[in-house]
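Q: Data: input_37.cif, mmCIF, C-alpha atoms.
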data_run
#
loop_
_atom_site.group_PDB
_atom_site.id
_atom_site.type_symbol
_atom_site.label_atom_id
_atom_site.label_comp_id
_atom_site.auth_asym_id
_atom_site.auth_seq_id
_atom_site.Cartn_x
_atom_site.Cartn_y
_atom_site.Cartn_z
ATOM 1 C CA MET F 106 13.071 82.869 93.665
ATOM 2 C CA MET F 107 15.666 83.052 96.413
ATOM 3 C CA LEU F 108 18.857 85.107 96.709
ATOM 4 C CA PHE F 109 21.363 83.521 99.134
ATOM 5 C CA GLY F 110 18.434 81.960 101.013
ATOM 6 C CA PHE F 111 16.394 85.181 101.214
ATOM 7 C CA PRO F 112 13.274 85.920 99.178
ATOM 8 C CA ILE F 113 13.865 88.552 96.512
ATOM 9 C CA THR F 114 12.269 91.780 97.638
ATOM 10 C CA GLY F 115 13.294 95.358 97.030
ATOM 11 C CA GLU F 116 14.870 95.420 100.477
ATOM 12 C CA THR F 117 16.985 92.312 99.853
ATOM 13 C CA VAL F 118 18.204 93.561 96.473
ATOM 14 C CA ALA F 119 19.039 96.971 97.959
ATOM 15 C CA PHE F 120 20.918 95.324 100.829
ATOM 16 C CA PHE F 121 23.052 93.154 98.557
ATOM 17 C CA MET F 122 23.790 96.062 96.195
ATOM 18 C CA LEU F 123 24.873 98.241 99.144
ATOM 19 C CA ALA F 124 26.929 95.404 100.650
ATOM 20 C CA LEU F 125 28.666 94.930 97.280
ATOM 21 C CA ILE F 126 29.403 98.676 97.072
ATOM 22 C CA ILE F 127 30.754 98.782 100.652
ATOM 23 C CA ILE F 128 32.992 95.731 100.312
ATOM 24 C CA THR F 129 34.389 96.596 96.876
ATOM 25 C CA SER F 130 35.060 100.190 98.019
ATOM 26 C CA GLY F 131 36.823 98.841 101.111
ATOM 27 C CA VAL F 132 38.995 96.495 99.053
ATOM 28 C CA PHE F 133 39.798 99.301 96.592
ATOM 29 C CA LEU F 134 40.702 101.536 99.545
ATOM 30 C CA MET F 135 43.239 98.939 100.680
ATOM 31 C CA THR F 136 44.753 98.374 97.225
ATOM 32 C CA LEU F 137 44.712 101.746 95.405
ATOM 33 C CA ARG F 138 47.701 104.083 95.533
ATOM 34 C CA ASN F 139 46.301 107.346 94.152
ATOM 35 C CA VAL F 140 45.078 109.774 96.817
ATOM 36 C CA MET F 141 42.012 110.970 94.906
ATOM 37 C CA HIS F 142 40.900 107.410 94.086
ATOM 38 C CA MET F 143 41.252 106.508 97.769
ATOM 39 C CA ALA F 144 39.057 109.470 98.763
ATOM 40 C CA LEU F 145 36.427 108.316 96.256
ATOM 41 C CA ALA F 146 36.521 104.776 97.703
ATOM 42 C CA LEU F 147 36.220 106.178 101.241
ATOM 43 C CA GLY F 148 33.129 108.142 100.202
ATOM 44 C CA GLY F 149 31.707 104.931 98.710
ATOM 45 C CA VAL F 150 32.131 103.043 101.987
ATOM 46 C CA PHE F 151 30.515 105.803 104.074
ATOM 47 C CA LEU F 152 27.604 106.369 101.668
ATOM 48 C CA GLY F 153 26.971 102.617 101.493
ATOM 49 C CA VAL F 154 26.822 102.386 105.273
ATOM 50 C CA ALA F 155 24.372 105.310 105.280
ATOM 51 C CA GLY F 156 22.180 103.333 102.864
ATOM 52 C CA ILE F 157 22.331 100.317 105.204
ATOM 53 C CA PHE F 158 21.122 102.567 108.050
ATOM 54 C CA VAL F 159 18.183 103.707 105.936
ATOM 55 C CA ILE F 160 17.279 100.069 105.141
ATOM 56 C CA LEU F 161 17.330 99.379 108.893
ATOM 57 C CA GLY F 162 14.751 102.114 109.490
ATOM 58 C CA ALA F 163 17.280 104.501 111.050
ATOM 59 C CA ASP F 164 16.808 107.415 108.662
ATOM 60 C CA PHE F 165 18.083 110.072 111.091
ATOM 61 C CA VAL F 166 21.291 108.130 111.755
ATOM 62 C CA GLY F 167 21.668 107.681 107.981
ATOM 63 C CA VAL F 168 21.436 111.439 107.385
ATOM 64 C CA VAL F 169 23.906 112.097 110.213
ATOM 65 C CA GLN F 170 26.246 109.516 108.660
ATOM 66 C CA VAL F 171 26.103 111.310 105.297
ATOM 67 C CA MET F 172 26.704 114.718 106.877
ATOM 68 C CA ILE F 173 29.504 113.799 109.296
ATOM 69 C CA TYR F 174 31.283 110.875 107.646
ATOM 70 C CA ALA F 175 30.716 111.339 103.917
ATOM 71 C CA GLY F 176 30.815 115.130 104.254
ATOM 72 C CA ALA F 177 33.139 116.269 106.999
ATOM 73 C CA ILE F 178 35.498 113.370 107.700
ATOM 74 C CA THR F 179 36.154 112.480 104.039
ATOM 75 C CA ILE F 180 36.992 116.107 103.224
ATOM 76 C CA LEU F 181 39.215 116.342 106.308
ATOM 77 C CA MET F 182 41.067 113.183 105.265
ATOM 78 C CA VAL F 183 41.519 114.490 101.695
ATOM 79 C CA PHE F 184 42.846 117.796 103.018
ATOM 80 C CA SER F 185 45.387 116.125 105.263
ATOM 81 C CA LEU F 186 46.409 113.688 102.526
ATOM 82 C CA MET F 187 47.062 116.651 100.231
ATOM 83 C CA LEU F 188 48.814 118.641 102.981
ATOM 84 C CA THR F 189 51.227 115.873 103.897
ATOM 85 C CA HIS F 190 52.198 114.609 100.446
ATOM 86 C CA SER F 191 54.154 116.389 97.782
ATOM 87 C CA GLY F 192 53.112 114.140 94.945
ATOM 88 C CA ASN F 193 49.994 112.147 94.223
ATOM 89 C CA LYS F 194 51.228 108.951 95.848
ATOM 90 C CA ALA F 195 49.723 107.845 99.138
ATOM 91 C CA GLU F 196 52.557 105.486 100.014
ATOM 92 C CA GLU F 197 56.115 106.724 99.885
ATOM 93 C CA GLY F 198 58.037 104.041 101.723
ATOM 94 C CA PRO F 199 57.687 100.355 100.972
ATOM 95 C CA GLU F 200 54.705 98.452 102.287
ATOM 96 C CA VAL F 201 55.121 95.820 104.965
ATOM 97 C CA GLY F 202 56.937 92.758 103.654
ATOM 98 C CA ALA F 203 55.080 90.033 101.794
ATOM 99 C CA VAL F 204 55.422 87.576 104.677
ATOM 100 C CA ARG F 205 53.953 89.987 107.229
ATOM 101 C CA GLY F 206 51.222 91.056 104.807
ATOM 102 C CA ILE F 207 50.152 87.467 104.124
ATOM 103 C CA ALA F 208 50.382 86.532 107.820
ATOM 104 C CA THR F 209 48.185 89.504 108.764
ATOM 105 C CA PHE F 210 45.716 88.625 106.020
ATOM 106 C CA VAL F 211 45.486 85.011 107.232
ATOM 107 C CA GLY F 212 45.046 86.126 110.854
ATOM 108 C CA VAL F 213 42.302 88.626 109.976
ATOM 109 C CA ALA F 214 40.616 86.028 107.733
ATOM 110 C CA ILE F 215 40.581 83.529 110.623
ATOM 111 C CA VAL F 216 39.061 86.114 112.998
ATOM 112 C CA VAL F 217 36.372 87.157 110.486
ATOM 113 C CA GLY F 218 35.658 83.536 109.585
ATOM 114 C CA ALA F 219 35.185 82.640 113.246
ATOM 115 C CA ILE F 220 32.800 85.597 113.718
ATOM 116 C CA LEU F 221 30.808 84.613 110.610
ATOM 117 C CA LEU F 222 30.599 80.994 111.834
ATOM 118 C CA VAL F 223 29.321 82.132 115.230
ATOM 119 C CA ILE F 224 26.759 84.444 113.585
ATOM 120 C CA ARG F 225 25.554 81.544 111.425
ATOM 121 C CA HIS F 226 25.231 79.031 114.260
ATOM 122 C CA THR F 227 23.584 81.267 116.856
ATOM 123 C CA SER F 228 19.792 81.234 116.964
ATOM 124 C CA TRP F 229 18.899 84.904 117.069
ATOM 125 C CA PRO F 230 15.543 85.903 118.516
ATOM 126 C CA VAL F 231 13.237 86.960 115.712
ATOM 127 C CA SER F 232 11.037 89.975 116.212
ATOM 128 C CA PRO F 233 7.493 89.497 114.917
ATOM 129 C CA THR F 234 7.326 93.193 114.108
ATOM 130 C CA ALA F 235 10.777 93.476 112.543
ATOM 131 C CA MET F 236 9.445 94.957 109.327
ATOM 132 C CA GLN F 237 7.878 98.019 110.959
ATOM 133 C CA PRO F 238 9.281 98.310 114.488
ATOM 134 C CA TYR F 239 8.790 102.026 115.087
ATOM 135 C CA HIS F 240 5.288 103.348 115.276
ATOM 136 C CA GLN F 241 6.282 106.999 115.165
ATOM 137 C CA SER F 242 9.003 109.052 113.532
ATOM 138 C CA THR F 243 12.504 107.995 114.621
ATOM 139 C CA VAL F 244 13.417 111.660 115.038
ATOM 140 C CA LEU F 245 10.790 112.009 117.784
ATOM 141 C CA LEU F 246 11.944 108.786 119.463
ATOM 142 C CA ILE F 247 15.624 109.810 119.321
ATOM 143 C CA ALA F 248 14.867 113.274 120.693
ATOM 144 C CA ASP F 249 12.857 111.739 123.526
ATOM 145 C CA ALA F 250 15.650 109.270 124.375
ATOM 146 C CA LEU F 251 18.410 111.914 124.110
ATOM 147 C CA PHE F 252 16.759 114.592 126.224
ATOM 148 C CA HIS F 253 15.003 112.396 128.798
ATOM 149 C CA THR F 254 16.918 109.139 129.248
ATOM 150 C CA TYR F 255 20.428 110.116 128.143
ATOM 151 C CA THR F 256 20.612 113.778 129.181
ATOM 152 C CA ILE F 257 23.836 113.444 131.189
ATOM 153 C CA GLN F 258 25.579 111.469 128.438
ATOM 154 C CA PHE F 259 24.437 114.053 125.884
ATOM 155 C CA GLU F 260 25.974 116.878 127.939
ATOM 156 C CA LEU F 261 29.167 114.836 128.405
ATOM 157 C CA VAL F 262 29.420 114.380 124.620
ATOM 158 C CA SER F 263 29.145 118.133 124.133
ATOM 159 C CA ALA F 264 31.910 118.631 126.716
ATOM 160 C CA ILE F 265 34.093 116.097 124.853
ATOM 161 C CA LEU F 266 33.454 117.829 121.530
ATOM 162 C CA THR F 267 34.437 121.226 122.984
ATOM 163 C CA THR F 268 37.583 119.753 124.545
ATOM 164 C CA ALA F 269 38.533 118.000 121.293
ATOM 165 C CA LEU F 270 37.980 121.197 119.291
ATOM 166 C CA VAL F 271 40.170 123.309 121.591
ATOM 167 C CA GLY F 272 42.766 120.553 121.869
ATOM 168 C CA ALA F 273 42.970 120.068 118.094
ATOM 169 C CA VAL F 274 43.469 123.809 117.536
ATOM 170 C CA ILE F 275 46.204 123.972 120.175
ATOM 171 C CA ILE F 276 48.023 120.864 118.916
ATOM 172 C CA ALA F 277 47.914 121.813 115.242
ATOM 173 C CA ARG F 278 48.880 125.469 115.840
ATOM 174 C CA LYS F 279 52.326 126.621 114.731
ATOM 175 C CA GLU F 280 54.502 127.190 117.785
ATOM 176 C CA GLU F 281 55.898 130.674 118.211
ATOM 177 C CA GLN F 282 59.652 130.945 118.143
ATOM 178 C CA MET H 209 15.474 90.485 105.831
ATOM 179 C CA ALA H 210 17.000 88.772 108.823
ATOM 180 C CA LEU H 211 19.565 89.968 111.324
ATOM 181 C CA GLN H 212 22.430 87.756 110.141
ATOM 182 C CA PRO H 213 23.337 89.483 106.810
ATOM 183 C CA PHE H 214 23.792 92.802 108.599
ATOM 184 C CA LEU H 215 26.027 91.237 111.246
ATOM 185 C CA ALA H 216 28.015 89.480 108.499
ATOM 186 C CA LEU H 217 28.470 92.773 106.619
ATOM 187 C CA GLY H 218 29.646 94.406 109.846
ATOM 188 C CA ALA H 219 32.140 91.597 110.459
ATOM 189 C CA ILE H 220 33.561 91.829 106.918
ATOM 190 C CA LEU H 221 33.877 95.626 107.091
ATOM 191 C CA PHE H 222 35.596 95.266 110.469
ATOM 192 C CA GLY H 223 38.008 92.740 108.950
ATOM 193 C CA ILE H 224 38.915 95.082 106.067
ATOM 194 C CA GLY H 225 39.529 97.908 108.549
ATOM 195 C CA LEU H 226 41.602 95.677 110.838
ATOM 196 C CA PHE H 227 43.760 94.520 107.915
ATOM 197 C CA GLY H 228 44.346 98.126 106.847
ATOM 198 C CA ALA H 229 45.168 99.299 110.364
ATOM 199 C CA LEU H 230 47.700 96.486 110.796
ATOM 200 C CA THR H 231 49.492 96.619 107.432
ATOM 201 C CA LYS H 232 49.417 100.216 106.183
ATOM 202 C CA ARG H 233 52.403 102.491 106.707
ATOM 203 C CA ASN H 234 50.654 105.823 106.158
ATOM 204 C CA LEU H 235 49.202 107.412 109.319
ATOM 205 C CA ILE H 236 46.146 108.815 107.501
ATOM 206 C CA ILE H 237 45.290 105.442 105.975
ATOM 207 C CA VAL H 238 45.517 103.891 109.449
ATOM 208 C CA LEU H 239 43.068 106.551 110.742
ATOM 209 C CA ILE H 240 40.714 105.805 107.817
ATOM 210 C CA SER H 241 40.865 102.092 108.641
ATOM 211 C CA ILE H 242 39.947 102.818 112.269
ATOM 212 C CA GLU H 243 36.968 104.852 111.031
ATOM 213 C CA MET H 244 35.833 101.863 108.960
ATOM 214 C CA MET H 245 36.004 99.622 112.050
ATOM 215 C CA LEU H 246 33.884 102.136 114.004
ATOM 216 C CA ASN H 247 31.382 102.157 111.131
ATOM 217 C CA ALA H 248 31.130 98.353 111.330
ATOM 218 C CA ALA H 249 30.294 98.672 115.034
ATOM 219 C CA ASN H 250 27.605 101.262 114.170
ATOM 220 C CA ILE H 251 26.017 98.849 111.663
ATOM 221 C CA ASN H 252 25.790 96.210 114.405
ATOM 222 C CA LEU H 253 24.263 98.663 116.912
ATOM 223 C CA VAL H 254 21.571 99.840 114.498
ATOM 224 C CA ALA H 255 20.858 96.277 113.293
ATOM 225 C CA PHE H 256 20.346 95.019 116.847
ATOM 226 C CA SER H 257 18.155 98.039 117.620
ATOM 227 C CA HIS H 258 16.000 97.172 114.590
ATOM 228 C CA PHE H 259 15.769 93.392 115.056
ATOM 229 C CA ALA H 260 15.551 93.158 118.858
ATOM 230 C CA LEU H 261 12.630 91.219 120.333
ATOM 231 C CA LYS H 262 11.180 94.484 121.544
ATOM 232 C CA PRO H 263 12.510 97.067 119.074
ATOM 233 C CA ASN H 264 13.690 100.226 120.764
ATOM 234 C CA ILE H 265 15.634 103.309 119.812
ATOM 235 C CA ASP H 266 18.608 102.884 122.187
ATOM 236 C CA GLY H 267 20.870 101.301 119.561
ATOM 237 C CA GLN H 268 20.436 104.318 117.276
ATOM 238 C CA VAL H 269 21.205 106.706 120.143
ATOM 239 C CA TYR H 270 24.403 104.743 120.900
ATOM 240 C CA ALA H 271 25.300 104.920 117.206
ATOM 241 C CA LEU H 272 24.864 108.727 117.292
ATOM 242 C CA PHE H 273 27.127 108.987 120.370
ATOM 243 C CA ASN H 274 29.620 106.750 118.580
ATOM 244 C CA ILE H 275 29.630 109.034 115.522
ATOM 245 C CA ALA H 276 30.207 112.111 117.724
ATOM 246 C CA ILE H 277 33.141 110.457 119.527
ATOM 247 C CA ALA H 278 34.592 109.288 116.185
ATOM 248 C CA ALA H 279 34.441 112.849 114.838
ATOM 249 C CA ALA H 280 36.286 114.161 117.913
ATOM 250 C CA GLU H 281 38.871 111.401 117.520
ATOM 251 C CA VAL H 282 39.480 112.265 113.865
ATOM 252 C CA ALA H 283 39.918 115.963 114.701
ATOM 253 C CA VAL H 284 42.515 115.277 117.410
ATOM 254 C CA GLY H 285 44.233 112.554 115.345
ATOM 255 C CA LEU H 286 44.649 114.802 112.311
ATOM 256 C CA ALA H 287 45.898 117.659 114.521
ATOM 257 C CA ILE H 288 48.566 115.353 115.973
ATOM 258 C CA LEU H 289 49.376 114.197 112.421
ATOM 259 C CA LEU H 290 49.848 117.783 111.146
ATOM 260 C CA SER H 291 52.002 118.682 114.143
ATOM 261 C CA PHE H 292 54.073 115.525 113.623
ATOM 262 C CA PHE H 293 54.431 116.219 109.911
ATOM 263 C CA ARG H 294 55.679 119.729 110.689
ATOM 264 C CA ALA H 295 58.319 118.328 113.043
ATOM 265 C CA ARG H 296 59.576 115.336 111.013
ATOM 266 C CA SER H 297 58.190 116.006 107.478
ATOM 267 C CA SER H 298 56.942 112.456 107.216
ATOM 268 C CA SER H 299 53.645 110.654 107.737
ATOM 269 C CA ASP H 300 55.045 107.150 108.090
ATOM 270 C CA VAL H 301 54.074 105.179 111.189
ATOM 271 C CA ARG H 302 57.653 103.934 111.578
ATOM 272 C CA ASP H 303 58.856 107.510 112.094
ATOM 273 C CA VAL H 304 56.603 108.014 115.125
ATOM 274 C CA ASN H 305 59.231 106.821 117.577
ATOM 275 C CA LEU H 306 60.136 109.918 119.618
ATOM 276 C CA MET H 307 58.476 108.534 122.750
ATOM 277 C CA LYS H 308 59.373 104.914 122.079
ATOM 278 C CA TRP H 309 61.311 103.372 124.909
#
Turn this file's structure into structure tokens for me.
A:
Amino acid sequence: MMLFGFPITGETVAFFMLALIIITSGVFLMTLRNVMHMALALGGVFLGVAGIFVILGADFVGVVQVMIYAGAITILMVFSLMLTHSGNKAEEGPEVGAVRGIATFVGVAIVVGAILLVIRHTSWPVSPTAMQPYHQSTVLLIADALFHTYTIQFELVSAILTTALVGAVIIARKEEQ
Amino acid sequence: MALQPFLALGAILFGIGLFGALTKRNLIIVLISIEMMLNAANINLVAFSHFALKPNIDGQVYALFNIAIAAAEVAVGLAILLSFFRARSSSDVRDVNLMKW
């Protein structure tokens, strides 16, 4: 039994289910008009990507994805959608015209099609140990890489986060008269 | 599983995000689309880290950095959006033309 050229295992079935969830949520996100439905679709995309990370053996990144994207960013987006709209509609003005919409769709389809063609026709190196690449917990490996190899980058990221936090507070603050 | 399905999923997610960022008129929806494109890049990073000839953890570390930068970007973007909404009471991309030459 084969599924799109891959043997049916639990991993394959899980991958195709998650891919279906991600793509349908993304298409719904682009077509729905109701704010709450859009937030639900956004959560679907982020949770699906977290599942993909877990399939790829990156459990720590998957948990971080759930916490930051599905938790924080989705809620932030919902809050700002509700703050900036009186009604329940996400779109107030008209969309882009039909001609521009179709032209953009065709252009994006060509780009994605070209990428898919290249992916299909490139011979990727196959790892003999791809099923079980990490011999210890990924948390240990990530901690080792972060605090030994990438220490400077790690500190720079914390500086960026502090700057962004202060900057966001200052920009969003109400100006005194 | 092979590497190709993950790359294909990343490409399709990137395409959906690109379409949204180019056609939507609402600033928040454009930000959401950009987040989806960043997520597609993260899928590729983690997939390459998993399927490389000599699997290593670097791709996952890059993905974590990417997530941190994306969170900072969303915070600043939404702050600019709220400030803009207070000034013009609109969240339409066509109204963001104060600094347009």
Q: List the residues matched by the PyMOL selection byres ((chain H and resi 258) around 8) in the displayed structure as a ChimeraX atom specification, ordered by chain and then by residue number.
A: /F:161-162,235,238 /H:254-257,259-260,263-264
Q: Have a look at F:Thr114, F:Gly153, F:Asp164, F:Ala208 and name the one nearest to F:Ile247; count all atoms listed in the file.
A: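 Going through F:Thr114, F:Gly153, F:Asp164, F:Ala208 one by one, the smallest distance to F:Ile247 is for F:Asp164.
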Q: At what distance in Å, to one decimal, does atom CA of H:Phe292 lie from atom CA of H:Asn305?
A: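 Here the two named atoms are 10.9 Å from each other.
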Q: Every residue with an atom at most 12 Å from (38.3, 88.1, 110.6) (file coordinates; all atoms listed in the file) is what I'm after, so could you write them as an MDAnalysis selection string?
A: (chainID F and resid 209:223) or (chainID H and resid 216:227 245)
Q: So which residues touch stretch 175-192 of chain F within 6 Å, counting all atoms listed in the file, skipping near sequence neighbours fewer than 2 positions away, as a list in words?
A: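 Neighbouring residues, sequence-local ones excluded: Gly148, Phe151, Val171, Met172, Ile173 and Lys194 of chain F.
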Q: Carefully work through the PyMOL selection byres ((chain H and resi 246) around 9) for this structure and note down the residues it includes, as a tab-separated table (two decimals) with C-alpha atoms, in the frame of the given file.
A:
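As written to disk, result_33.tsv reads:
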chain	number	residue	atom	x	y	z
H	222	PHE	CA	35.60	95.27	110.47
H	225	GLY	CA	39.53	97.91	108.55
H	241	SER	CA	40.86	102.09	108.64
H	242	ILE	CA	39.95	102.82	112.27
H	243	GLU	CA	36.97	104.85	111.03
H	244	MET	CA	35.83	101.86	108.96
H	245	MET	CA	36.00	99.62	112.05
H	247	ASN	CA	31.38	102.16	111.13
H	248	ALA	CA	31.13	98.35	111.33
H	249	ALA	CA	30.29	98.67	115.03
H	250	ASN	CA	27.60	101.26	114.17
H	251	ILE	CA	26.02	98.85	111.66
H	274	ASN	CA	29.62	106.75	118.58
H	275	ILE	CA	29.63	109.03	115.52
H	278	ALA	CA	34.59	109.29	116.18
Q: Using all atoms listed in the file, which of F:Leu261, F:Val168, F:Val201, F:Ile126 sits nearest chain H?
A: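 Of F:Leu261, F:Val168, F:Val201, F:Ile126, the one nearest chain H, counting all atoms listed in the file, is F:Val201.
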Q: For H:Ser291, find every residue with an atom within 10 Å (counting only C-alpha atoms), except residues of its own chain fewer than 5 positions away, and show them as a list in words.
A: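 Those residues are Ala273, Ile275, Ile276, Ala277, Arg278, Lys279 and Glu280 of chain F; Gly285, Leu286, Arg296 and Ser297 of chain H.
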Q: Calculated over only C-alpha atoms, which of the candidates F:Val150, F:Val244, F:Met141, F:Gly115 has the smallest distance to F:Thr129?
A: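 Selected residue with least distance to F:Thr129: F:Val150.
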Q: Could you jot down the atom CA of H:Gln268 to atom CA of F:Thr267 separation for me, Å, one decimal place?
A: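 Straight-line distance from atom CA of H:Gln268 to atom CA of F:Thr267 works out to 22.7 Å.
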Q: Hey, which of H:Ile240, H:Trp309, H:Ala229, H:Leu211 ends up closest to H:Asn252? Count all atoms listed in the file.
A: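 Ranking H:Ile240, H:Trp309, H:Ala229, H:Leu211 by distance to H:Asn252, first place goes to H:Leu211.
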Q: Provide the atom CA of F:Phe133 to atom CA of H:Gly228 distance in Å, to one decimal place.
A: 11.3 Å
Q: Just checking: using all atoms listed in the file, which residue out of H:Ala280, H:Arg302, H:Met307, H:Pro213 ends up closest to H:Thr231?
A: H:Arg302
Q: Can you sort out stretch 245-271 of chain H so it carries N, CA and C atoms, written as a PDB file, in the coordinates of the input?
A:
ATOM      1  N   MET H 245      36.348 100.564 110.981  1.00  0.00           N
ATOM      2  CA  MET H 245      36.004  99.622 112.050  1.00  0.00           C
ATOM      3  C   MET H 245      34.885 100.186 112.921  1.00  0.00           C
ATOM      4  N   LEU H 246      34.953 101.511 113.207  1.00  0.00           N
ATOM      5  CA  LEU H 246      33.884 102.136 114.004  1.00  0.00           C
ATOM      6  C   LEU H 246      32.547 102.070 113.273  1.00  0.00           C
ATOM      7  N   ASN H 247      32.597 102.234 111.931  1.00  0.00           N
ATOM      8  CA  ASN H 247      31.382 102.157 111.131  1.00  0.00           C
ATOM      9  C   ASN H 247      30.769 100.770 111.201  1.00  0.00           C
ATOM     10  N   ALA H 248      31.636  99.722 111.207  1.00  0.00           N
ATOM     11  CA  ALA H 248      31.130  98.353 111.330  1.00  0.00           C
ATOM     12  C   ALA H 248      30.391  98.180 112.660  1.00  0.00           C
ATOM     13  N   ALA H 249      30.965  98.750 113.734  1.00  0.00           N
ATOM     14  CA  ALA H 249      30.294  98.672 115.034  1.00  0.00           C
ATOM     15  C   ALA H 249      28.945  99.381 114.981  1.00  0.00           C
ATOM     16  N   ASN H 250      28.878 100.534 114.279  1.00  0.00           N
ATOM     17  CA  ASN H 250      27.605 101.262 114.170  1.00  0.00           C
ATOM     18  C   ASN H 250      26.558 100.431 113.450  1.00  0.00           C
ATOM     19  N   ILE H 251      26.973  99.710 112.380  1.00  0.00           N
ATOM     20  CA  ILE H 251      26.017  98.849 111.663  1.00  0.00           C
ATOM     21  C   ILE H 251      25.431  97.830 112.633  1.00  0.00           C
ATOM     22  N   ASN H 252      26.289  97.206 113.462  1.00  0.00           N
ATOM     23  CA  ASN H 252      25.790  96.210 114.405  1.00  0.00           C
ATOM     24  C   ASN H 252      24.817  96.825 115.394  1.00  0.00           C
ATOM     25  N   LEU H 253      25.142  98.017 115.926  1.00  0.00           N
ATOM     26  CA  LEU H 253      24.263  98.663 116.912  1.00  0.00           C
ATOM     27  C   LEU H 253      22.891  98.912 116.313  1.00  0.00           C
ATOM     28  N   VAL H 254      22.864  99.504 115.105  1.00  0.00           N
ATOM     29  CA  VAL H 254      21.571  99.840 114.498  1.00  0.00           C
ATOM     30  C   VAL H 254      20.809  98.567 114.131  1.00  0.00           C
ATOM     31  N   ALA H 255      21.536  97.520 113.667  1.00  0.00           N
ATOM     32  CA  ALA H 255      20.858  96.277 113.293  1.00  0.00           C
ATOM     33  C   ALA H 255      20.212  95.642 114.524  1.00  0.00           C
ATOM     34  N   PHE H 256      20.935  95.604 115.643  1.00  0.00           N
ATOM     35  CA  PHE H 256      20.346  95.019 116.847  1.00  0.00           C
ATOM     36  C   PHE H 256      19.168  95.846 117.337  1.00  0.00           C
ATOM     37  N   SER H 257      19.263  97.186 117.198  1.00  0.00           N
ATOM     38  CA  SER H 257      18.155  98.039 117.620  1.00  0.00           C
ATOM     39  C   SER H 257      16.921  97.784 116.761  1.00  0.00           C
ATOM     40  N   HIS H 258      17.126  97.399 115.498  1.00  0.00           N
ATOM     41  CA  HIS H 258      16.000  97.172 114.590  1.00  0.00           C
ATOM     42  C   HIS H 258      15.393  95.791 114.784  1.00  0.00           C
ATOM     43  N   PHE H 259      16.253  94.768 115.039  1.00  0.00           N
ATOM     44  CA  PHE H 259      15.769  93.392 115.056  1.00  0.00           C
ATOM     45  C   PHE H 259      15.589  92.836 116.460  1.00  0.00           C
ATOM     46  N   ALA H 260      15.704  93.675 117.496  1.00  0.00           N
ATOM     47  CA  ALA H 260      15.551  93.158 118.858  1.00  0.00           C
ATOM     48  C   ALA H 260      14.125  92.652 119.058  1.00  0.00           C
ATOM     49  N   LEU H 261      13.963  91.771 120.077  1.00  0.00           N
ATOM     50  CA  LEU H 261      12.630  91.219 120.333  1.00  0.00           C
ATOM     51  C   LEU H 261      11.624  92.325 120.548  1.00  0.00           C
ATOM     52  N   LYS H 262      12.051  93.339 121.320  1.00  0.00           N
ATOM     53  CA  LYS H 262      11.180  94.484 121.544  1.00  0.00           C
ATOM     54  C   LYS H 262      11.933  95.681 120.977  1.00  0.00           C
ATOM     55  N   PRO H 263      11.680  96.040 119.708  1.00  0.00           N
ATOM     56  CA  PRO H 263      12.510  97.067 119.074  1.00  0.00           C
ATOM     57  C   PRO H 263      12.468  98.384 119.846  1.00  0.00           C
ATOM     58  N   ASN H 264      13.648  98.920 120.109  1.00  0.00           N
ATOM     59  CA  ASN H 264      13.690 100.226 120.764  1.00  0.00           C
ATOM     60  C   ASN H 264      14.759 101.079 120.096  1.00  0.00           C
ATOM     61  N   ILE H 265      14.839 102.319 120.529  1.00  0.00           N
ATOM     62  CA  ILE H 265      15.634 103.309 119.812  1.00  0.00           C
ATOM     63  C   ILE H 265      17.053 103.410 120.376  1.00  0.00           C
ATOM     64  N   ASP H 266      17.338 102.686 121.491  1.00  0.00           N
ATOM     65  CA  ASP H 266      18.608 102.884 122.187  1.00  0.00           C
ATOM     66  C   ASP H 266      19.817 102.630 121.292  1.00  0.00           C
ATOM     67  N   GLY H 267      19.738 101.586 120.431  1.00  0.00           N
ATOM     68  CA  GLY H 267      20.870 101.301 119.561  1.00  0.00           C
ATOM     69  C   GLY H 267      21.206 102.482 118.664  1.00  0.00           C
ATOM     70  N   GLN H 268      20.178 103.162 118.145  1.00  0.00           N
ATOM     71  CA  GLN H 268      20.436 104.318 117.276  1.00  0.00           C
ATOM     72  C   GLN H 268      21.061 105.460 118.061  1.00  0.00           C
ATOM     73  N   VAL H 269      20.619 105.628 119.332  1.00  0.00           N
ATOM     74  CA  VAL H 269      21.205 106.706 120.143  1.00  0.00           C
ATOM     75  C   VAL H 269      22.674 106.403 120.409  1.00  0.00           C
ATOM     76  N   TYR H 270      22.993 105.118 120.699  1.00  0.00           N
ATOM     77  CA  TYR H 270      24.403 104.743 120.900  1.00  0.00           C
ATOM     78  C   TYR H 270      25.197 105.010 119.629  1.00  0.00           C
ATOM     79  N   ALA H 271      24.596 104.682 118.462  1.00  0.00           N
ATOM     80  CA  ALA H 271      25.300 104.920 117.206  1.00  0.00           C
ATOM     81  C   ALA H 271      25.597 106.407 117.026  1.00  0.00           C
TER      82      ALA H 271
END
